[in-house]
Amino acid sequence: MPTPEIRSAGRMSRHQRLVLAIAILASFVAFLDGSVVNVALPAMTGELGGGLGVQQWVVDAYLITLGSLILLAGSLSDAFGRFRILRIGLIGFGVASLLCAVAPTAESLIVARLLQGGAAALLVPSSLAIIISTFSGPAQGRAIGTWTAWTGAAGITGPLLGGILVDTASWRLIFAINVVPIIVTVWLMSRAGGDERPARDHRPKVDVVGATLGAVGLGGPVFALIEQGRYGWSSPALLAPLVVGLLSLAAFVWWEHRHENPMLPLGLFRVRNFGFGNIATLFIYGALSVGFFSIAVFVQQIAGFSATAAGLATLPSTLVMLALSPLFGRLAGRFGPRSFMSIGPVIAGLGFLLTATADAEVDYWLQLFPGILLIGLGLAVTVAPLTSGILGSIDPARAGIGSAVNNAVSRVAGLVSIALVGVVAGGSLGEQGFGRVVGLAAVLMLAGGIVSFVGIRNPRTPSSAAVPHVAAHTVRS
């Protein structure tokens with residue numbers, strides 16, 4: 001059916017309010033699931049067994065399919081209709097969440113998480129697409145800002161909600177509860193109607209080959225990194241997927257270079273700030289993922305925190321980031337992003353180093369809290385300038401695909417860094433292993449700051465406001 005009239009100013013129409021609510025709810029469940037899982041990992045392996053390797057897989061299975069398919073989702077939305085793809089993603093996410101909730105074994109939980117990540121890949125790009133197609137002018141910026149604020153709230157509520165559910169009921173509820181907002185969102189979509197699909201001759205070609213090569217290319221090395229402790233590096237069972245994965249990654253780059261409608265436009269990386277900004281993103285978000293993963297597991301399994309206390313433990317960093325990010329976003333718009341992207345990761349890295357002093361008898365206020373505050377401050381200094389620096393460097397008409405690429409890079413960074421935990425920790429997140437892993441997070445942060453200092457250039461005439469935070473990176477605590 002035709003899209004209702006788009007208003008660019010004044011009060012939102014009923015249809016616009018409905019679309020915004022749909023976009024927020026659809027994205028919220030995906031971001032919430034990304035932030036809720038870490039605090040439940042010890043409870044999962046306590047019931048299903050498997051130790052650190054299973055904990056890594058529960059997180060990385062989701063990120064493999066999410067990271068490899070999120071770029072494809074934009075093409076699917078354009079080819080088959082945004083509402084249709086969003087609805088498929090919601091239903092798929094709900095079914096996969098129920099499969100996670102009833103998983104009888106660790107292996108079945110991991111498979112369900114693979115499915116859940118694939119469905120989540122359809123949610124965020126499609127929800128942004130329906131906002132962009134429904135709003136225009138200043139109203140679009142306000143709508144994206146509202147969407148970003150709510151997805152950021154998922155980073156706050158996720159760990160706390162997950163901890164409460166684990167402590168008062170079961171870790172299985174962190175997945176089952178997804179069904180409630182999904183049902184509400186699908187119902188709202190039925191009231192909003194649908195959207196027009198392009199004529200068959202004008203539909204973009206979907207890069208299925210690229211998506212397949214990307215998934216295999218990510219999955220093979222991740223399997224090798226997680227399972228090296230069980231098989232050993234000389235085992236054919238480890239070497240085969242590693243070699244196949246690396247060859248697939250090489251084939252992926254070749255294919256994307258020659259494909260007429262690639263899901264990863266490699267030409268964007270020739271833009272200096274975009275290319276170096278995404279390298280910095282790789283280091284910074286790899287540090288965040290591995291750092292918060294290790295803190296959530298360590299404080300429960302070694303220090304004896306409850307799941308709720310573990311969720312509260314890292315909450316200050318998210319609150320500081322959300323409170324101060326607008327300020328540093330404005331400053332970056334005035335002075336340029338380079339100094340903020342260089343200094344912020346160093347501050348966060350120092351925060352991770354401070355947490356390395358924690359031991360089995362951890363004193364939260366002395367050993368963890370100061371570092372967690374510094375991490376939050378470093379993120380506040382970094383995140384908005386990072387996004388504005390990357391998206392502000394390319395043609396505004398390509399901001400959508402630029403945001404999707406940057407989002408995918410951050411997911412892949414988390415995927416690889418968490419796969420490294422077993423290698424760095426020596427198979428266990430005890431006191432020594434924890435110190436080494438948060439040390440890795442600090443090193444990755446420092447690398448992100450160095451890349452930014454060397455590679456990022458300030459615009460000759462910095463704008464007075466940063467580019468809207470379209471990528472909506474959410475810290476997974």
# chains A, B, ... in the order shown; residues from 1 in each chain; ligands from 1
$ residues_around --residues "Pro345 of chain A" --least-positions-apart "5" --cutoff "12 Å" --atoms "only C-alpha atoms" --output "number ranges by chain"
A: 280-281, 283-288, 338-340, 350-352, 374-383, 385-386, 441-453
$ write_last_selection --atoms "C-alpha atoms" --output "PDB file, in the first residue's frame"
ATOM      1  CA  ALA A 280      39.985   2.273  15.337  1.00  0.00           C
ATOM      2  CA  THR A 281      36.461   0.867  15.784  1.00  0.00           C
ATOM      3  CA  PHE A 283      40.282  -2.127  18.277  1.00  0.00           C
ATOM      4  CA  ILE A 284      37.980  -0.083  20.536  1.00  0.00           C
ATOM      5  CA  TYR A 285      34.914  -2.321  20.297  1.00  0.00           C
ATOM      6  CA  GLY A 286      37.047  -5.440  20.513  1.00  0.00           C
ATOM      7  CA  ALA A 287      38.348  -4.059  23.817  1.00  0.00           C
ATOM      8  CA  LEU A 288      34.864  -3.277  25.086  1.00  0.00           C
ATOM      9  CA  ARG A 338      40.906  13.580  16.104  1.00  0.00           C
ATOM     10  CA  SER A 339      41.955  14.555  19.633  1.00  0.00           C
ATOM     11  CA  PHE A 340      38.879  12.987  21.230  1.00  0.00           C
ATOM     12  CA  LEU A 350      43.731   2.954  31.838  1.00  0.00           C
ATOM     13  CA  GLY A 351      40.356   2.053  33.322  1.00  0.00           C
ATOM     14  CA  PHE A 352      40.723  -1.554  32.201  1.00  0.00           C
ATOM     15  CA  LEU A 374      37.353   5.717  33.817  1.00  0.00           C
ATOM     16  CA  ILE A 375      36.103   3.296  31.148  1.00  0.00           C
ATOM     17  CA  GLY A 376      32.806   5.195  31.024  1.00  0.00           C
ATOM     18  CA  LEU A 377      34.611   8.541  30.765  1.00  0.00           C
ATOM     19  CA  GLY A 378      36.829   7.212  27.984  1.00  0.00           C
ATOM     20  CA  LEU A 379      33.790   5.978  26.088  1.00  0.00           C
ATOM     21  CA  ALA A 380      32.024   9.314  26.495  1.00  0.00           C
ATOM     22  CA  VAL A 381      35.051  11.090  25.040  1.00  0.00           C
ATOM     23  CA  THR A 382      35.318   8.572  22.167  1.00  0.00           C
ATOM     24  CA  VAL A 383      31.962   7.276  20.915  1.00  0.00           C
ATOM     25  CA  PRO A 385      33.333  11.792  17.903  1.00  0.00           C
ATOM     26  CA  LEU A 386      34.088   8.342  16.461  1.00  0.00           C
ATOM     27  CA  ALA A 441      41.408  -4.886  26.525  1.00  0.00           C
ATOM     28  CA  ALA A 442      43.740  -2.092  27.633  1.00  0.00           C
ATOM     29  CA  VAL A 443      46.195  -2.830  24.801  1.00  0.00           C
ATOM     30  CA  LEU A 444      43.386  -2.848  22.221  1.00  0.00           C
ATOM     31  CA  MET A 445      42.126   0.491  23.540  1.00  0.00           C
ATOM     32  CA  LEU A 446      45.606   1.980  23.305  1.00  0.00           C
ATOM     33  CA  ALA A 447      45.888   0.683  19.731  1.00  0.00           C
ATOM     34  CA  GLY A 448      42.575   2.367  18.893  1.00  0.00           C
ATOM     35  CA  GLY A 449      43.901   5.674  20.240  1.00  0.00           C
ATOM     36  CA  ILE A 450      47.158   5.369  18.286  1.00  0.00           C
ATOM     37  CA  VAL A 451      45.344   4.547  15.031  1.00  0.00           C
ATOM     38  CA  SER A 452      43.105   7.578  15.542  1.00  0.00           C
ATOM     39  CA  PHE A 453      46.053   9.891  16.272  1.00  0.00           C
TER      40      PHE A 453
END
$ residues_around --residues "Asp363 of chain A" --least-positions-apart "4" --cutoff "12 Å" --atoms "only C-alpha atoms" --output "PDB file with C-alpha atoms, in the first residue's frame"
ATOM      1  CA  VAL A 299      32.918 -11.218  39.441  1.00  0.00           C
ATOM      2  CA  ALA A 303      34.503 -13.125  43.364  1.00  0.00           C
ATOM      3  CA  GLY A 304      31.100 -14.651  44.176  1.00  0.00           C
ATOM      4  CA  PHE A 305      28.849 -11.776  43.051  1.00  0.00           C
ATOM      5  CA  ALA A 313      28.896  -3.600  38.692  1.00  0.00           C
ATOM      6  CA  THR A 355      40.383  -3.409  37.060  1.00  0.00           C
ATOM      7  CA  THR A 357      44.081  -5.444  40.309  1.00  0.00           C
ATOM      8  CA  ALA A 358      40.910  -7.338  41.287  1.00  0.00           C
ATOM      9  CA  ASP A 359      41.331 -10.678  43.056  1.00  0.00           C
ATOM     10  CA  GLN A 367      39.528  -2.359  42.774  1.00  0.00           C
ATOM     11  CA  LEU A 368      36.745  -2.146  40.186  1.00  0.00           C
ATOM     12  CA  PHE A 369      34.684   1.033  40.592  1.00  0.00           C
ATOM     13  CA  PRO A 370      37.463   3.573  39.782  1.00  0.00           C
TER      14      PRO A 370
END
$ residues_around --residues "Gln228 of chain A" --least-positions-apart "2" --cutoff "12 Å" --atoms "only C-alpha atoms" --output "ChimeraX atom specification"
/A:53,220-226,230-239,241-242,419-424,426-427
$ write_last_selection --atoms "N, CA and C atoms" --output "PDB file, in the first residue's frame"
ATOM      1  N   GLY A  53      34.655 -22.311  27.319  1.00  0.00           N
ATOM      2  CA  GLY A  53      34.421 -22.489  25.892  1.00  0.00           C
ATOM      3  C   GLY A  53      32.965 -22.305  25.514  1.00  0.00           C
ATOM      4  N   GLY A 220      35.169 -19.949  10.690  1.00  0.00           N
ATOM      5  CA  GLY A 220      36.309 -20.856  10.742  1.00  0.00           C
ATOM      6  C   GLY A 220      37.380 -20.425  11.732  1.00  0.00           C
ATOM      7  N   PRO A 221      37.903 -19.197  11.614  1.00  0.00           N
ATOM      8  CA  PRO A 221      38.905 -18.747  12.589  1.00  0.00           C
ATOM      9  C   PRO A 221      38.379 -18.683  14.018  1.00  0.00           C
ATOM     10  N   VAL A 222      37.112 -18.281  14.184  1.00  0.00           N
ATOM     11  CA  VAL A 222      36.544 -18.223  15.538  1.00  0.00           C
ATOM     12  C   VAL A 222      36.483 -19.622  16.149  1.00  0.00           C
ATOM     13  N   PHE A 223      36.084 -20.616  15.364  1.00  0.00           N
ATOM     14  CA  PHE A 223      36.078 -21.996  15.849  1.00  0.00           C
ATOM     15  C   PHE A 223      37.477 -22.401  16.312  1.00  0.00           C
ATOM     16  N   ALA A 224      38.492 -22.064  15.512  1.00  0.00           N
ATOM     17  CA  ALA A 224      39.859 -22.441  15.861  1.00  0.00           C
ATOM     18  C   ALA A 224      40.313 -21.767  17.151  1.00  0.00           C
ATOM     19  N   LEU A 225      39.992 -20.490  17.310  1.00  0.00           N
ATOM     20  CA  LEU A 225      40.431 -19.767  18.500  1.00  0.00           C
ATOM     21  C   LEU A 225      39.761 -20.296  19.770  1.00  0.00           C
ATOM     22  N   ILE A 226      38.477 -20.602  19.679  1.00  0.00           N
ATOM     23  CA  ILE A 226      37.757 -21.068  20.874  1.00  0.00           C
ATOM     24  C   ILE A 226      38.125 -22.509  21.217  1.00  0.00           C
ATOM     25  N   ARG A 230      40.970 -27.502  23.297  1.00  0.00           N
ATOM     26  CA  ARG A 230      40.489 -28.884  23.289  1.00  0.00           C
ATOM     27  C   ARG A 230      41.201 -29.721  22.234  1.00  0.00           C
ATOM     28  N   TYR A 231      41.425 -29.175  21.054  1.00  0.00           N
ATOM     29  CA  TYR A 231      41.999 -29.959  19.954  1.00  0.00           C
ATOM     30  C   TYR A 231      43.518 -29.790  19.816  1.00  0.00           C
ATOM     31  N   GLY A 232      44.040 -28.611  20.163  1.00  0.00           N
ATOM     32  CA  GLY A 232      45.446 -28.329  19.905  1.00  0.00           C
ATOM     33  C   GLY A 232      45.637 -27.787  18.495  1.00  0.00           C
ATOM     34  N   TRP A 233      46.624 -26.905  18.316  1.00  0.00           N
ATOM     35  CA  TRP A 233      46.800 -26.224  17.041  1.00  0.00           C
ATOM     36  C   TRP A 233      47.221 -27.159  15.908  1.00  0.00           C
ATOM     37  N   SER A 234      47.744 -28.314  16.238  1.00  0.00           N
ATOM     38  CA  SER A 234      48.204 -29.225  15.181  1.00  0.00           C
ATOM     39  C   SER A 234      47.118 -30.184  14.706  1.00  0.00           C
ATOM     40  N   SER A 235      45.952 -30.134  15.331  1.00  0.00           N
ATOM     41  CA  SER A 235      44.881 -31.070  14.981  1.00  0.00           C
ATOM     42  C   SER A 235      44.227 -30.699  13.651  1.00  0.00           C
ATOM     43  N   PRO A 236      44.018 -31.696  12.756  1.00  0.00           N
ATOM     44  CA  PRO A 236      43.292 -31.419  11.498  1.00  0.00           C
ATOM     45  C   PRO A 236      41.889 -30.878  11.752  1.00  0.00           C
ATOM     46  N   ALA A 237      41.267 -31.290  12.871  1.00  0.00           N
ATOM     47  CA  ALA A 237      39.924 -30.801  13.192  1.00  0.00           C
ATOM     48  C   ALA A 237      39.922 -29.309  13.459  1.00  0.00           C
ATOM     49  N   LEU A 238      41.083 -28.764  13.807  1.00  0.00           N
ATOM     50  CA  LEU A 238      41.207 -27.328  14.040  1.00  0.00           C
ATOM     51  C   LEU A 238      41.747 -26.615  12.800  1.00  0.00           C
ATOM     52  N   LEU A 239      42.747 -27.224  12.158  1.00  0.00           N
ATOM     53  CA  LEU A 239      43.392 -26.583  11.026  1.00  0.00           C
ATOM     54  C   LEU A 239      42.462 -26.466   9.823  1.00  0.00           C
ATOM     55  N   PRO A 241      39.010 -26.044   9.531  1.00  0.00           N
ATOM     56  CA  PRO A 241      38.140 -24.862   9.530  1.00  0.00           C
ATOM     57  C   PRO A 241      38.915 -23.550   9.531  1.00  0.00           C
ATOM     58  N   LEU A 242      40.106 -23.538  10.154  1.00  0.00           N
ATOM     59  CA  LEU A 242      40.908 -22.314  10.154  1.00  0.00           C
ATOM     60  C   LEU A 242      41.328 -21.942   8.737  1.00  0.00           C
ATOM     61  N   ALA A 419      36.559 -14.558  21.090  1.00  0.00           N
ATOM     62  CA  ALA A 419      37.146 -15.846  20.710  1.00  0.00           C
ATOM     63  C   ALA A 419      38.571 -15.981  21.235  1.00  0.00           C
ATOM     64  N   LEU A 420      39.246 -14.870  21.465  1.00  0.00           N
ATOM     65  CA  LEU A 420      40.625 -14.891  21.957  1.00  0.00           C
ATOM     66  C   LEU A 420      40.736 -15.121  23.459  1.00  0.00           C
ATOM     67  N   VAL A 421      39.620 -15.050  24.180  1.00  0.00           N
ATOM     68  CA  VAL A 421      39.675 -15.110  25.649  1.00  0.00           C
ATOM     69  C   VAL A 421      40.374 -16.370  26.140  1.00  0.00           C
ATOM     70  N   GLY A 422      39.995 -17.528  25.592  1.00  0.00           N
ATOM     71  CA  GLY A 422      40.596 -18.781  26.042  1.00  0.00           C
ATOM     72  C   GLY A 422      42.096 -18.830  25.802  1.00  0.00           C
ATOM     73  N   VAL A 423      42.527 -18.293  24.655  1.00  0.00           N
ATOM     74  CA  VAL A 423      43.959 -18.276  24.329  1.00  0.00           C
ATOM     75  C   VAL A 423      44.717 -17.391  25.310  1.00  0.00           C
ATOM     76  N   VAL A 424      44.203 -16.203  25.569  1.00  0.00           N
ATOM     77  CA  VAL A 424      44.885 -15.236  26.428  1.00  0.00           C
ATOM     78  C   VAL A 424      44.824 -15.648  27.898  1.00  0.00           C
ATOM     79  N   GLY A 426      44.419 -18.623  29.124  1.00  0.00           N
ATOM     80  CA  GLY A 426      44.972 -19.934  29.429  1.00  0.00           C
ATOM     81  C   GLY A 426      43.907 -20.942  29.805  1.00  0.00           C
ATOM     82  N   GLY A 427      42.687 -20.753  29.301  1.00  0.00           N
ATOM     83  CA  GLY A 427      41.623 -21.732  29.515  1.00  0.00           C
ATOM     84  C   GLY A 427      40.734 -21.464  30.690  1.00  0.00           C
TER      85      GLY A 427
END
$ closest_residue --among "A:Ala153, A:Ala120, A:Leu391, A:Leu282" --to "Met321 of chain A" --atoms "only C-alpha atoms"
A:Ala153
$ residues_around --residues "segment 33-48 of chain A" --least-positions-apart "6" --cutoff "6 Å" --atoms "only C-alpha atoms" --output "mmCIF file with N, CA and C atoms, in the first residue's frame"
data_model
loop_
_atom_site.group_PDB
_atom_site.id
_atom_site.type_symbol
_atom_site.label_atom_id
_atom_site.label_comp_id
_atom_site.auth_asym_id
_atom_site.auth_seq_id
_atom_site.Cartn_x
_atom_site.Cartn_y
_atom_site.Cartn_z
ATOM 1 N N GLN A 55 30.752 -20.600 27.240
ATOM 2 C CA GLN A 55 30.434 -19.188 27.455
ATOM 3 C C GLN A 55 30.850 -18.345 26.259
ATOM 4 N N THR A 105 20.585 -28.684 25.998
ATOM 5 C CA THR A 105 22.028 -28.895 26.047
ATOM 6 C C THR A 105 22.744 -27.623 25.621
ATOM 7 N N ALA A 106 24.041 -27.575 25.937
ATOM 8 C CA ALA A 106 24.837 -26.422 25.515
ATOM 9 C C ALA A 106 24.883 -26.321 23.994
ATOM 10 N N GLY A 155 21.303 -0.804 26.885
ATOM 11 C CA GLY A 155 22.589 -1.055 27.518
ATOM 12 C C GLY A 155 22.534 -0.899 29.021
ATOM 13 N N GLY A 158 19.647 -3.901 30.299
ATOM 14 C CA GLY A 158 19.954 -5.291 30.006
ATOM 15 C C GLY A 158 20.658 -6.045 31.122
ATOM 16 N N PRO A 159 21.837 -5.589 31.554
ATOM 17 C CA PRO A 159 22.542 -6.336 32.602
ATOM 18 C C PRO A 159 21.754 -6.419 33.903
ATOM 19 N N GLY A 162 18.758 -8.780 33.352
ATOM 20 C CA GLY A 162 19.266 -10.147 33.263
ATOM 21 C C GLY A 162 19.663 -10.682 34.619
ATOM 22 N N TRP A 171 17.924 -18.316 34.166
ATOM 23 C CA TRP A 171 18.553 -17.665 33.018
ATOM 24 C C TRP A 171 17.726 -17.833 31.771
ATOM 25 N N PHE A 293 32.885 -8.712 28.952
ATOM 26 C CA PHE A 293 32.660 -10.161 29.048
ATOM 27 C C PHE A 293 33.441 -10.722 30.237
ATOM 28 N N ALA A 296 32.098 -9.513 33.757
ATOM 29 C CA ALA A 296 30.840 -10.140 34.148
ATOM 30 C C ALA A 296 31.048 -11.575 34.615
ATOM 31 N N ALA A 307 24.195 -12.545 40.131
ATOM 32 C CA ALA A 307 24.019 -12.042 38.767
ATOM 33 C C ALA A 307 23.542 -10.592 38.774
ATOM 34 N N ARG A 476 27.859 -3.383 25.591
ATOM 35 C CA ARG A 476 27.316 -4.616 26.152
ATOM 36 C C ARG A 476 28.019 -4.888 27.459
ATOM 37 N N SER A 477 27.325 -4.614 28.536
ATOM 38 C CA SER A 477 27.935 -4.749 29.853
ATOM 39 C C SER A 477 27.837 -6.159 30.362
#
$ residues_around --residues "Asn458 of chain A" --least-positions-apart "6" --cutoff "9 Å" --atoms "only C-alpha atoms" --output "number ranges by chain"
A: 273, 335-339, 389
$ write_last_selection --atoms "C-alpha atoms" --output "mmCIF file, in the first residue's frame"
data_model
loop_
_atom_site.group_PDB
_atom_site.id
_atom_site.type_symbol
_atom_site.label_atom_id
_atom_site.label_comp_id
_atom_site.auth_asym_id
_atom_site.auth_seq_id
_atom_site.Cartn_x
_atom_site.Cartn_y
_atom_site.Cartn_z
ATOM 1 C CA ASN A 273 38.720 9.098 8.049
ATOM 2 C CA PHE A 335 37.079 21.174 17.236
ATOM 3 C CA GLY A 336 37.093 18.019 15.107
ATOM 4 C CA PRO A 337 37.166 14.362 16.183
ATOM 5 C CA ARG A 338 40.906 13.580 16.104
ATOM 6 C CA SER A 339 41.955 14.555 19.633
ATOM 7 C CA GLY A 389 34.236 11.404 12.303
#
$ closest_residue --among "A:Ala103, A:Ala139, A:Ile88, A:Ile279" --to "Met12 of chain A" --atoms "only C-alpha atoms"
A:Ala139
$ closest_residue --among "A:Ser127, A:Thr134, A:Ser170, A:Gln16" --to "Trp147 of chain A" --atoms "only C-alpha atoms"
A:Ser127
$ closest_residue --among "A:Cys100, A:Thr157, A:Ile343, A:Ala129" --to "Leu315 of chain A" --atoms "only C-alpha atoms"
A:Thr157
$ residues_around --residues "Ala73 of chain A" --least-positions-apart "5" --cutoff "9 Å" --atoms "only C-alpha atoms" --output "ChimeraX atom specification"
/A:78,85,121-126,263
$ write_last_selection --atoms "C-alpha atoms" --output "mmCIF file, in the first residue's frame"
data_model
loop_
_atom_site.group_PDB
_atom_site.id
_atom_site.type_symbol
_atom_site.label_atom_id
_atom_site.label_comp_id
_atom_site.auth_asym_id
_atom_site.auth_seq_id
_atom_site.Cartn_x
_atom_site.Cartn_y
_atom_site.Cartn_z
ATOM 1 C CA ASP A 78 15.250 -2.721 -0.444
ATOM 2 C CA ILE A 85 11.898 -8.033 6.268
ATOM 3 C CA ALA A 121 20.693 -8.844 11.668
ATOM 4 C CA LEU A 122 17.364 -8.041 9.991
ATOM 5 C CA LEU A 123 16.082 -5.831 12.803
ATOM 6 C CA VAL A 124 18.417 -2.848 13.213
ATOM 7 C CA PRO A 125 18.944 -1.881 9.530
ATOM 8 C CA SER A 126 15.254 -2.367 8.741
ATOM 9 C CA MET A 263 27.150 -5.678 0.550
#
$ closest_residue --among "A:Val416, A:Ile144, A:Ala384, A:Val19" --to "Leu331 of chain A" --atoms "only C-alpha atoms"
A:Ala384
$ closest_residue --among "A:Thr65, A:Ser317, A:Asn178, A:Thr308" --to "Val111 of chain A" --atoms "only C-alpha atoms"
A:Thr65
